[in-house]
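target03.cif follows (mmCIF, N, CA and C atoms):
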```cif
data_query
#
loop_
_atom_site.group_PDB
_atom_site.id
_atom_site.type_symbol
_atom_site.label_atom_id
_atom_site.label_comp_id
_atom_site.auth_asym_id
_atom_site.auth_seq_id
_atom_site.Cartn_x
_atom_site.Cartn_y
_atom_site.Cartn_z
ATOM 1 N N MET A 47 3.447 -0.475 -15.551
ATOM 2 C CA MET A 47 3.539 0.921 -15.206
ATOM 3 C C MET A 47 2.388 1.329 -14.286
ATOM 4 N N LYS A 48 1.236 0.764 -14.564
ATOM 5 C CA LYS A 48 0.065 1.126 -13.766
ATOM 6 C C LYS A 48 0.235 0.694 -12.305
ATOM 7 N N SER A 49 0.732 -0.498 -12.096
ATOM 8 C CA SER A 49 0.909 -0.977 -10.725
ATOM 9 C C SER A 49 1.996 -0.171 -10.007
ATOM 10 N N TYR A 50 3.037 0.208 -10.751
ATOM 11 C CA TYR A 50 4.089 1.031 -10.151
ATOM 12 C C TYR A 50 3.535 2.385 -9.729
ATOM 13 N N ASN A 51 2.690 2.981 -10.555
ATOM 14 C CA ASN A 51 2.083 4.270 -10.210
ATOM 15 C C ASN A 51 1.192 4.150 -8.975
ATOM 16 N N ARG A 52 0.465 3.045 -8.868
ATOM 17 C CA ARG A 52 -0.366 2.844 -7.680
ATOM 18 C C ARG A 52 0.493 2.770 -6.420
ATOM 19 N N TRP A 53 1.573 2.002 -6.502
ATOM 20 C CA TRP A 53 2.490 1.893 -5.360
ATOM 21 C C TRP A 53 3.076 3.255 -5.033
ATOM 22 N N TRP A 54 3.503 3.982 -6.057
ATOM 23 C CA TRP A 54 4.130 5.283 -5.866
ATOM 24 C C TRP A 54 3.167 6.258 -5.190
ATOM 25 N N ASN A 55 1.922 6.284 -5.646
ATOM 26 C CA ASN A 55 0.916 7.175 -5.046
ATOM 27 C C ASN A 55 0.653 6.816 -3.586
ATOM 28 N N LYS A 56 0.641 5.528 -3.290
ATOM 29 C CA LYS A 56 0.406 5.075 -1.918
ATOM 30 C C LYS A 56 1.543 5.525 -0.995
ATOM 31 N N VAL A 57 2.781 5.317 -1.409
ATOM 32 C CA VAL A 57 3.936 5.702 -0.593
ATOM 33 C C VAL A 57 4.021 7.212 -0.476
ATOM 34 N N LYS A 58 3.753 7.924 -1.579
ATOM 35 C CA LYS A 58 3.804 9.391 -1.570
ATOM 36 C C LYS A 58 2.780 9.978 -0.602
ATOM 37 N N SER A 59 1.562 9.462 -0.637
ATOM 38 C CA SER A 59 0.536 9.998 0.264
ATOM 39 C C SER A 59 0.883 9.693 1.723
ATOM 40 N N GLY A 60 1.453 8.524 1.977
ATOM 41 C CA GLY A 60 1.875 8.209 3.341
ATOM 42 C C GLY A 60 2.957 9.151 3.836
ATOM 43 N N LEU A 61 3.942 9.419 2.978
ATOM 44 C CA LEU A 61 5.015 10.351 3.354
ATOM 45 C C LEU A 61 4.481 11.762 3.550
ATOM 46 N N GLN A 62 3.572 12.176 2.673
ATOM 47 C CA GLN A 62 3.019 13.523 2.802
ATOM 48 C C GLN A 62 2.228 13.681 4.085
ATOM 49 N N SER A 63 1.514 12.647 4.504
ATOM 50 C CA SER A 63 0.761 12.759 5.752
ATOM 51 C C SER A 63 1.706 12.843 6.951
ATOM 52 N N VAL A 64 2.823 12.119 6.895
ATOM 53 C CA VAL A 64 3.814 12.204 7.971
ATOM 54 C C VAL A 64 4.439 13.595 7.995
ATOM 55 N N TYR A 65 4.791 14.094 6.823
ATOM 56 C CA TYR A 65 5.386 15.433 6.743
ATOM 57 C C TYR A 65 4.409 16.513 7.211
ATOM 58 N N GLU A 66 3.130 16.323 6.889
ATOM 59 C CA GLU A 66 2.117 17.297 7.313
ATOM 60 C C GLU A 66 2.015 17.343 8.834
ATOM 61 N N LYS A 67 2.095 16.183 9.479
ATOM 62 C CA LYS A 67 2.045 16.138 10.937
ATOM 63 C C LYS A 67 3.268 16.791 11.560
ATOM 64 N N GLN A 68 4.400 16.709 10.845
ATOM 65 C CA GLN A 68 5.623 17.325 11.338
ATOM 66 C C GLN A 68 5.711 18.806 10.979
ATOM 67 N N GLY A 69 4.813 19.270 10.117
ATOM 68 C CA GLY A 69 4.794 20.676 9.740
ATOM 69 C C GLY A 69 5.791 21.048 8.653
ATOM 70 N N ILE A 70 6.221 20.068 7.867
ATOM 71 C CA ILE A 70 7.133 20.376 6.765
ATOM 72 C C ILE A 70 6.492 19.951 5.443
ATOM 73 N N LYS A 71 6.961 20.522 4.338
ATOM 74 C CA LYS A 71 6.356 20.232 3.042
ATOM 75 C C LYS A 71 7.031 19.077 2.312
ATOM 76 N N SER A 72 8.329 18.953 2.454
ATOM 77 C CA SER A 72 9.050 17.930 1.714
ATOM 78 C C SER A 72 10.245 17.455 2.527
ATOM 79 N N GLY A 73 10.796 16.333 2.114
ATOM 80 C CA GLY A 73 11.956 15.795 2.797
ATOM 81 C C GLY A 73 12.801 14.976 1.845
ATOM 82 N N GLN A 74 13.872 14.410 2.367
ATOM 83 C CA GLN A 74 14.798 13.648 1.539
ATOM 84 C C GLN A 74 14.139 12.416 0.929
ATOM 85 N N LYS A 75 13.329 11.724 1.713
ATOM 86 C CA LYS A 75 12.723 10.498 1.213
ATOM 87 C C LYS A 75 11.728 10.789 0.093
ATOM 88 N N LEU A 76 10.967 11.874 0.223
ATOM 89 C CA LEU A 76 10.028 12.249 -0.828
ATOM 90 C C LEU A 76 10.775 12.680 -2.092
ATOM 91 N N ASN A 77 11.853 13.423 -1.928
ATOM 92 C CA ASN A 77 12.667 13.814 -3.080
ATOM 93 C C ASN A 77 13.260 12.584 -3.759
ATOM 94 N N TRP A 78 13.718 11.606 -2.965
ATOM 95 C CA TRP A 78 14.239 10.358 -3.510
ATOM 96 C C TRP A 78 13.153 9.619 -4.289
ATOM 97 N N LEU A 79 11.921 9.643 -3.756
ATOM 98 C CA LEU A 79 10.805 8.962 -4.398
ATOM 99 C C LEU A 79 10.485 9.596 -5.751
ATOM 100 N N PHE A 80 10.499 10.941 -5.815
ATOM 101 C CA PHE A 80 10.259 11.630 -7.082
ATOM 102 C C PHE A 80 11.343 11.280 -8.104
ATOM 103 N N GLU A 81 12.587 11.251 -7.657
ATOM 104 C CA GLU A 81 13.702 10.922 -8.551
ATOM 105 C C GLU A 81 13.589 9.482 -9.053
ATOM 106 N N LYS A 82 13.209 8.569 -8.158
ATOM 107 C CA LYS A 82 13.056 7.168 -8.538
ATOM 108 C C LYS A 82 11.952 7.007 -9.579
ATOM 109 N N ARG A 83 10.843 7.721 -9.402
ATOM 110 C CA ARG A 83 9.739 7.642 -10.368
ATOM 111 C C ARG A 83 10.165 8.195 -11.709
ATOM 112 N N LYS A 84 10.873 9.310 -11.706
ATOM 113 C CA LYS A 84 11.346 9.908 -12.954
ATOM 114 C C LYS A 84 12.259 8.932 -13.695
ATOM 115 N N ASN A 85 13.168 8.295 -12.969
ATOM 116 C CA ASN A 85 14.073 7.328 -13.590
ATOM 117 C C ASN A 85 13.328 6.105 -14.121
ATOM 118 N N LYS A 86 12.330 5.654 -13.372
ATOM 119 C CA LYS A 86 11.551 4.487 -13.787
ATOM 120 C C LYS A 86 10.764 4.798 -15.066
ATOM 121 N N LEU A 87 10.145 5.985 -15.133
ATOM 122 C CA LEU A 87 9.412 6.383 -16.336
ATOM 123 C C LEU A 87 10.349 6.515 -17.532
ATOM 124 N N ASN A 88 11.517 7.127 -17.320
ATOM 125 C CA ASN A 88 12.479 7.262 -18.405
ATOM 126 C C ASN A 88 12.934 5.891 -18.911
ATOM 127 N N ASP A 89 13.185 4.968 -17.988
ATOM 128 C CA ASP A 89 13.603 3.634 -18.364
ATOM 129 C C ASP A 89 12.505 2.931 -19.163
ATOM 130 N N PHE A 90 11.274 3.041 -18.706
ATOM 131 C CA PHE A 90 10.148 2.428 -19.413
ATOM 132 C C PHE A 90 10.002 3.004 -20.815
ATOM 133 N N MET A 91 10.098 4.327 -20.940
ATOM 134 C CA MET A 91 9.962 4.962 -22.244
ATOM 135 C C MET A 91 11.114 4.566 -23.164
ATOM 136 N N ASN A 92 12.325 4.504 -22.632
ATOM 137 C CA ASN A 92 13.472 4.100 -23.446
ATOM 138 C C ASN A 92 13.325 2.660 -23.937
ATOM 139 N N GLN A 93 12.849 1.774 -23.082
ATOM 140 C CA GLN A 93 12.643 0.385 -23.490
ATOM 141 C C GLN A 93 11.555 0.282 -24.552
ATOM 142 N N SER A 94 10.491 1.079 -24.403
ATOM 143 C CA SER A 94 9.407 1.064 -25.389
ATOM 144 C C SER A 94 9.894 1.562 -26.743
ATOM 145 N N VAL A 95 10.630 2.661 -26.728
ATOM 146 C CA VAL A 95 11.168 3.217 -27.970
ATOM 147 C C VAL A 95 12.117 2.218 -28.620
ATOM 148 N N ASN A 96 12.954 1.577 -27.822
ATOM 149 C CA ASN A 96 13.892 0.593 -28.344
ATOM 150 C C ASN A 96 13.158 -0.572 -29.002
ATOM 151 N N TYR A 97 12.099 -1.035 -28.377
ATOM 152 C CA TYR A 97 11.296 -2.132 -28.935
ATOM 153 C C TYR A 97 10.679 -1.725 -30.273
ATOM 154 N N ILE A 98 10.121 -0.522 -30.335
ATOM 155 C CA ILE A 98 9.488 -0.042 -31.566
ATOM 156 C C ILE A 98 10.522 0.113 -32.675
ATOM 157 N N ILE A 99 11.687 0.637 -32.336
ATOM 158 C CA ILE A 99 12.739 0.830 -33.335
ATOM 159 C C ILE A 99 13.227 -0.509 -33.873
ATOM 160 N N LYS A 100 13.420 -1.480 -32.996
ATOM 161 C CA LYS A 100 13.845 -2.806 -33.458
ATOM 162 C C LYS A 100 12.800 -3.423 -34.379
ATOM 163 N N HIS A 101 11.527 -3.243 -34.040
ATOM 164 C CA HIS A 101 10.441 -3.750 -34.886
ATOM 165 C C HIS A 101 10.474 -3.073 -36.254
ATOM 166 N N CYS A 102 10.679 -1.759 -36.264
ATOM 167 C CA CYS A 102 10.720 -1.019 -37.531
ATOM 168 C C CYS A 102 11.910 -1.456 -38.379
ATOM 169 N N ILE A 103 13.039 -1.687 -37.773
ATOM 170 C CA ILE A 103 14.223 -2.129 -38.513
ATOM 171 C C ILE A 103 14.013 -3.531 -39.075
ATOM 172 N N ASP A 104 13.424 -4.424 -38.268
ATOM 173 C CA ASP A 104 13.183 -5.793 -38.722
ATOM 174 C C ASP A 104 12.237 -5.853 -39.919
ATOM 175 N N TYR A 105 11.250 -4.961 -39.964
ATOM 176 C CA TYR A 105 10.251 -4.981 -41.033
ATOM 177 C C TYR A 105 10.445 -3.857 -42.048
ATOM 178 N N ASN A 106 11.626 -3.251 -42.060
ATOM 179 C CA ASN A 106 11.979 -2.194 -43.028
ATOM 180 C C ASN A 106 10.945 -1.067 -43.078
ATOM 181 N N ILE A 107 10.544 -0.608 -41.919
ATOM 182 C CA ILE A 107 9.617 0.521 -41.825
ATOM 183 C C ILE A 107 10.453 1.778 -41.708
ATOM 184 N N GLY A 108 10.227 2.734 -42.620
ATOM 185 C CA GLY A 108 11.058 3.933 -42.660
ATOM 186 C C GLY A 108 10.441 5.150 -42.026
ATOM 187 N N ASN A 109 9.138 5.175 -41.862
ATOM 188 C CA ASN A 109 8.471 6.353 -41.291
ATOM 189 C C ASN A 109 7.691 5.952 -40.052
ATOM 190 N N ILE A 110 7.821 6.765 -39.027
ATOM 191 C CA ILE A 110 7.064 6.566 -37.796
ATOM 192 C C ILE A 110 6.223 7.809 -37.595
ATOM 193 N N ILE A 111 4.920 7.642 -37.502
ATOM 194 C CA ILE A 111 4.017 8.771 -37.303
ATOM 195 C C ILE A 111 3.385 8.631 -35.927
ATOM 196 N N ILE A 112 3.549 9.654 -35.123
ATOM 197 C CA ILE A 112 3.015 9.654 -33.769
ATOM 198 C C ILE A 112 1.907 10.692 -33.716
ATOM 199 N N GLY A 113 0.708 10.271 -33.381
ATOM 200 C CA GLY A 113 -0.414 11.199 -33.277
ATOM 201 C C GLY A 113 -0.358 11.963 -31.976
ATOM 202 N N GLU A 114 -0.878 13.163 -31.993
ATOM 203 C CA GLU A 114 -0.920 13.966 -30.775
ATOM 204 C C GLU A 114 -2.098 13.510 -29.941
ATOM 205 N N LEU A 115 -1.840 13.170 -28.691
ATOM 206 C CA LEU A 115 -2.853 12.569 -27.824
ATOM 207 C C LEU A 115 -3.523 13.596 -26.914
ATOM 208 N N LYS A 116 -3.638 14.808 -27.379
ATOM 209 C CA LYS A 116 -4.230 15.883 -26.581
ATOM 210 C C LYS A 116 -5.723 15.613 -26.375
ATOM 211 N N ASP A 117 -6.159 15.590 -25.146
ATOM 212 C CA ASP A 117 -7.568 15.394 -24.770
ATOM 213 C C ASP A 117 -8.157 14.101 -25.325
ATOM 214 N N ILE A 118 -7.363 13.030 -25.400
ATOM 215 C CA ILE A 118 -7.835 11.793 -26.008
ATOM 216 C C ILE A 118 -8.899 11.093 -25.156
ATOM 217 N N LYS A 119 -8.786 11.137 -23.843
ATOM 218 C CA LYS A 119 -9.727 10.414 -22.990
ATOM 219 C C LYS A 119 -10.721 11.333 -22.283
ATOM 220 N N GLN A 120 -10.720 12.601 -22.601
ATOM 221 C CA GLN A 120 -11.576 13.526 -21.858
ATOM 222 C C GLN A 120 -13.056 13.290 -22.136
ATOM 223 N N ASN A 121 -13.412 12.926 -23.356
ATOM 224 C CA ASN A 121 -14.820 12.735 -23.704
ATOM 225 C C ASN A 121 -15.182 11.266 -23.872
ATOM 226 N N SER A 122 -14.399 10.379 -23.304
ATOM 227 C CA SER A 122 -14.681 8.962 -23.457
ATOM 228 C C SER A 122 -15.845 8.558 -22.561
ATOM 229 N N ASN A 123 -16.517 7.500 -22.947
ATOM 230 C CA ASN A 123 -17.663 7.012 -22.200
ATOM 231 C C ASN A 123 -17.192 5.882 -21.284
ATOM 232 N N MET A 124 -16.593 6.242 -20.160
ATOM 233 C CA MET A 124 -16.079 5.242 -19.227
ATOM 234 C C MET A 124 -17.184 4.835 -18.254
ATOM 235 N N VAL A 125 -16.975 3.718 -17.615
ATOM 236 C CA VAL A 125 -17.939 3.219 -16.642
ATOM 237 C C VAL A 125 -18.076 4.229 -15.508
ATOM 238 N N LYS A 126 -19.283 4.422 -15.005
ATOM 239 C CA LYS A 126 -19.519 5.452 -14.003
ATOM 240 C C LYS A 126 -18.823 5.176 -12.680
ATOM 241 N N ARG A 127 -18.532 3.917 -12.369
ATOM 242 C CA ARG A 127 -17.905 3.612 -11.086
ATOM 243 C C ARG A 127 -16.411 3.923 -11.076
ATOM 244 N N THR A 128 -15.857 4.273 -12.217
ATOM 245 C CA THR A 128 -14.445 4.633 -12.282
ATOM 246 C C THR A 128 -14.280 6.055 -11.761
ATOM 247 N N THR A 129 -13.532 6.193 -10.696
ATOM 248 C CA THR A 129 -13.334 7.519 -10.112
ATOM 249 C C THR A 129 -11.922 8.039 -10.309
ATOM 250 N N ARG A 130 -11.029 7.180 -10.746
ATOM 251 C CA ARG A 130 -9.648 7.611 -10.940
ATOM 252 C C ARG A 130 -9.505 8.336 -12.263
ATOM 253 N N PRO A 131 -8.774 9.441 -12.267
ATOM 254 C CA PRO A 131 -8.578 10.150 -13.531
ATOM 255 C C PRO A 131 -7.623 9.390 -14.445
ATOM 256 N N PHE A 132 -7.870 9.496 -15.731
ATOM 257 C CA PHE A 132 -6.998 8.854 -16.710
ATOM 258 C C PHE A 132 -5.840 9.790 -17.003
ATOM 259 N N ARG A 133 -4.619 9.282 -16.896
ATOM 260 C CA ARG A 133 -3.446 10.120 -17.124
ATOM 261 C C ARG A 133 -2.585 9.499 -18.204
ATOM 262 N N LEU A 134 -2.107 10.333 -19.091
ATOM 263 C CA LEU A 134 -1.192 9.883 -20.123
ATOM 264 C C LEU A 134 0.235 10.082 -19.639
ATOM 265 N N TYR A 135 1.097 9.189 -20.038
ATOM 266 C CA TYR A 135 2.504 9.335 -19.709
ATOM 267 C C TYR A 135 3.134 10.316 -20.686
ATOM 268 N N PRO A 136 4.129 11.039 -20.252
ATOM 269 C CA PRO A 136 4.708 12.061 -21.120
ATOM 270 C C PRO A 136 5.342 11.459 -22.371
ATOM 271 N N LEU A 137 4.835 11.857 -23.535
ATOM 272 C CA LEU A 137 5.357 11.334 -24.786
ATOM 273 C C LEU A 137 6.401 12.254 -25.394
ATOM 274 N N VAL A 138 6.600 13.409 -24.810
ATOM 275 C CA VAL A 138 7.587 14.340 -25.344
ATOM 276 C C VAL A 138 8.968 13.717 -25.293
ATOM 277 N N ASN A 139 9.300 13.074 -24.191
ATOM 278 C CA ASN A 139 10.606 12.444 -24.067
ATOM 279 C C ASN A 139 10.766 11.289 -25.037
ATOM 280 N N SER A 140 9.690 10.532 -25.276
ATOM 281 C CA SER A 140 9.804 9.415 -26.210
ATOM 282 C C SER A 140 10.025 9.931 -27.624
ATOM 283 N N ASN A 141 9.411 11.060 -27.983
ATOM 284 C CA ASN A 141 9.651 11.638 -29.300
ATOM 285 C C ASN A 141 11.111 12.031 -29.444
ATOM 286 N N ARG A 142 11.686 12.585 -28.394
ATOM 287 C CA ARG A 142 13.099 12.942 -28.420
ATOM 288 C C ARG A 142 13.958 11.683 -28.556
ATOM 289 N N ASN A 143 13.562 10.604 -27.866
ATOM 290 C CA ASN A 143 14.302 9.350 -27.959
ATOM 291 C C ASN A 143 14.242 8.766 -29.369
ATOM 292 N N PHE A 144 13.083 8.897 -30.028
ATOM 293 C CA PHE A 144 12.977 8.438 -31.404
ATOM 294 C C PHE A 144 13.970 9.196 -32.279
ATOM 295 N N ASP A 145 14.028 10.506 -32.090
ATOM 296 C CA ASP A 145 14.934 11.319 -32.899
ATOM 297 C C ASP A 145 16.388 10.928 -32.678
ATOM 298 N N LEU A 146 16.734 10.557 -31.451
ATOM 299 C CA LEU A 146 18.111 10.192 -31.155
ATOM 300 C C LEU A 146 18.490 8.816 -31.658
ATOM 301 N N ASN A 147 17.513 7.907 -31.724
ATOM 302 C CA ASN A 147 17.831 6.511 -32.017
ATOM 303 C C ASN A 147 17.563 6.074 -33.455
ATOM 304 N N VAL A 148 16.893 6.892 -34.232
ATOM 305 C CA VAL A 148 16.463 6.441 -35.543
ATOM 306 C C VAL A 148 16.945 7.397 -36.621
ATOM 307 N N ASN A 149 17.292 6.826 -37.735
ATOM 308 C CA ASN A 149 17.618 7.656 -38.894
ATOM 309 C C ASN A 149 16.412 7.771 -39.819
ATOM 310 N N THR A 150 15.248 7.383 -39.333
ATOM 311 C CA THR A 150 14.040 7.451 -40.130
ATOM 312 C C THR A 150 13.303 8.746 -39.831
ATOM 313 N N THR A 151 12.245 8.962 -40.542
ATOM 314 C CA THR A 151 11.437 10.160 -40.351
ATOM 315 C C THR A 151 10.445 9.938 -39.221
ATOM 316 N N VAL A 152 10.428 10.827 -38.250
ATOM 317 C CA VAL A 152 9.471 10.757 -37.161
ATOM 318 C C VAL A 152 8.583 11.980 -37.270
ATOM 319 N N SER A 153 7.281 11.754 -37.462
ATOM 320 C CA SER A 153 6.344 12.864 -37.618
ATOM 321 C C SER A 153 5.359 12.865 -36.477
ATOM 322 N N ILE A 154 5.066 14.047 -35.969
ATOM 323 C CA ILE A 154 4.018 14.194 -34.952
ATOM 324 C C ILE A 154 2.836 14.856 -35.629
ATOM 325 N N VAL A 155 1.718 14.145 -35.636
ATOM 326 C CA VAL A 155 0.524 14.633 -36.326
ATOM 327 C C VAL A 155 -0.408 15.270 -35.326
#
```
Encoding of this model in structure tokens:
Amino acid sequence: MKSYNRWWNKVKSGLQSVYEKQGIKSGQKLNWLFEKRKNKLNDFMNQSVNYIIKHCIDYNIGNIIIGELKDIKQNSNMVKRTTRPFRLYPLVNSNRNFDLNVNTTVSIV
């Protein structure tokens, strides 16, 4: 996912610079790129949820507890040379996927 995001940011910035020179804000290719990223993230989240559910079924795990990751990396002691911001992937959709795919209890703490 990380490498895909790097590629996506590179292509997006290139398209935005071209659009800026042309005096427009968005275009078909940029809209296609946003849609492709959304689909890729959804696919990744669905595969992750599916893997977790299969693991829970195999080991007879009935409860899944998902902690709330609000501000998890904001106060971390990262190396000073790291300039890229840490971003979490949206877990709201994965929680919805858990609810759709499992007959077990899913709790958000």
Select, counting only C-alpha atoms, all protein, DNA and RNA residues no farther than 10 Å from (9.4, 7.8, -3.4) in file coordinates, and express the selection as a PDB file with N, CA and C atoms, in the frame of the given file.
```pdb
ATOM      1  N   TRP A  53       1.573   2.002  -6.502  1.00  0.00           N
ATOM      2  CA  TRP A  53       2.490   1.893  -5.360  1.00  0.00           C
ATOM      3  C   TRP A  53       3.076   3.255  -5.033  1.00  0.00           C
ATOM      4  N   TRP A  54       3.503   3.982  -6.057  1.00  0.00           N
ATOM      5  CA  TRP A  54       4.130   5.283  -5.866  1.00  0.00           C
ATOM      6  C   TRP A  54       3.167   6.258  -5.190  1.00  0.00           C
ATOM      7  N   ASN A  55       1.922   6.284  -5.646  1.00  0.00           N
ATOM      8  CA  ASN A  55       0.916   7.175  -5.046  1.00  0.00           C
ATOM      9  C   ASN A  55       0.653   6.816  -3.586  1.00  0.00           C
ATOM     10  N   LYS A  56       0.641   5.528  -3.290  1.00  0.00           N
ATOM     11  CA  LYS A  56       0.406   5.075  -1.918  1.00  0.00           C
ATOM     12  C   LYS A  56       1.543   5.525  -0.995  1.00  0.00           C
ATOM     13  N   VAL A  57       2.781   5.317  -1.409  1.00  0.00           N
ATOM     14  CA  VAL A  57       3.936   5.702  -0.593  1.00  0.00           C
ATOM     15  C   VAL A  57       4.021   7.212  -0.476  1.00  0.00           C
ATOM     16  N   LYS A  58       3.753   7.924  -1.579  1.00  0.00           N
ATOM     17  CA  LYS A  58       3.804   9.391  -1.570  1.00  0.00           C
ATOM     18  C   LYS A  58       2.780   9.978  -0.602  1.00  0.00           C
ATOM     19  N   SER A  59       1.562   9.462  -0.637  1.00  0.00           N
ATOM     20  CA  SER A  59       0.536   9.998   0.264  1.00  0.00           C
ATOM     21  C   SER A  59       0.883   9.693   1.723  1.00  0.00           C
ATOM     22  N   LEU A  61       3.942   9.419   2.978  1.00  0.00           N
ATOM     23  CA  LEU A  61       5.015  10.351   3.354  1.00  0.00           C
ATOM     24  C   LEU A  61       4.481  11.762   3.550  1.00  0.00           C
ATOM     25  N   GLN A  74      13.872  14.410   2.367  1.00  0.00           N
ATOM     26  CA  GLN A  74      14.798  13.648   1.539  1.00  0.00           C
ATOM     27  C   GLN A  74      14.139  12.416   0.929  1.00  0.00           C
ATOM     28  N   LYS A  75      13.329  11.724   1.713  1.00  0.00           N
ATOM     29  CA  LYS A  75      12.723  10.498   1.213  1.00  0.00           C
ATOM     30  C   LYS A  75      11.728  10.789   0.093  1.00  0.00           C
ATOM     31  N   LEU A  76      10.967  11.874   0.223  1.00  0.00           N
ATOM     32  CA  LEU A  76      10.028  12.249  -0.828  1.00  0.00           C
ATOM     33  C   LEU A  76      10.775  12.680  -2.092  1.00  0.00           C
ATOM     34  N   ASN A  77      11.853  13.423  -1.928  1.00  0.00           N
ATOM     35  CA  ASN A  77      12.667  13.814  -3.080  1.00  0.00           C
ATOM     36  C   ASN A  77      13.260  12.584  -3.759  1.00  0.00           C
ATOM     37  N   TRP A  78      13.718  11.606  -2.965  1.00  0.00           N
ATOM     38  CA  TRP A  78      14.239  10.358  -3.510  1.00  0.00           C
ATOM     39  C   TRP A  78      13.153   9.619  -4.289  1.00  0.00           C
ATOM     40  N   LEU A  79      11.921   9.643  -3.756  1.00  0.00           N
ATOM     41  CA  LEU A  79      10.805   8.962  -4.398  1.00  0.00           C
ATOM     42  C   LEU A  79      10.485   9.596  -5.751  1.00  0.00           C
ATOM     43  N   PHE A  80      10.499  10.941  -5.815  1.00  0.00           N
ATOM     44  CA  PHE A  80      10.259  11.630  -7.082  1.00  0.00           C
ATOM     45  C   PHE A  80      11.343  11.280  -8.104  1.00  0.00           C
ATOM     46  N   GLU A  81      12.587  11.251  -7.657  1.00  0.00           N
ATOM     47  CA  GLU A  81      13.702  10.922  -8.551  1.00  0.00           C
ATOM     48  C   GLU A  81      13.589   9.482  -9.053  1.00  0.00           C
ATOM     49  N   LYS A  82      13.209   8.569  -8.158  1.00  0.00           N
ATOM     50  CA  LYS A  82      13.056   7.168  -8.538  1.00  0.00           C
ATOM     51  C   LYS A  82      11.952   7.007  -9.579  1.00  0.00           C
ATOM     52  N   ARG A  83      10.843   7.721  -9.402  1.00  0.00           N
ATOM     53  CA  ARG A  83       9.739   7.642 -10.368  1.00  0.00           C
ATOM     54  C   ARG A  83      10.165   8.195 -11.709  1.00  0.00           C
ATOM     55  N   LYS A  84      10.873   9.310 -11.706  1.00  0.00           N
ATOM     56  CA  LYS A  84      11.346   9.908 -12.954  1.00  0.00           C
ATOM     57  C   LYS A  84      12.259   8.932 -13.695  1.00  0.00           C
TER      58      LYS A  84
END
```
Using only N, CA and C atoms, pick whichever of A:Phe90, A:Gln62, A:Gln68, A:Tyr105 has the shortest atom-to-atom distance to Met47 in chain A.
A:Phe90
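One finds CA of Asp89 in chain A at 20.7 Å from CA of Ile110 in chain A.
One distance worth recording is that between atom C of Asn51 in chain A and atom C of Ser72 in chain A, which is 19.8 Å.
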Return as lines of an AutoDock Vina configuration file the box centre and box size in Å, one decimal, for an axis-aligned box around all listed atoms of range 102-110 of chain A padded by 3 Å per side.
```
center_x = 10.2
center_y = 1.0
center_z = -39.7
size_x = 14.0
size_y = 19.7
size_z = 12.8
```
One-decimal distance in Å that lies between CA of Leu87 in chain A and CA of Lys48 in chain A
11.0 Å
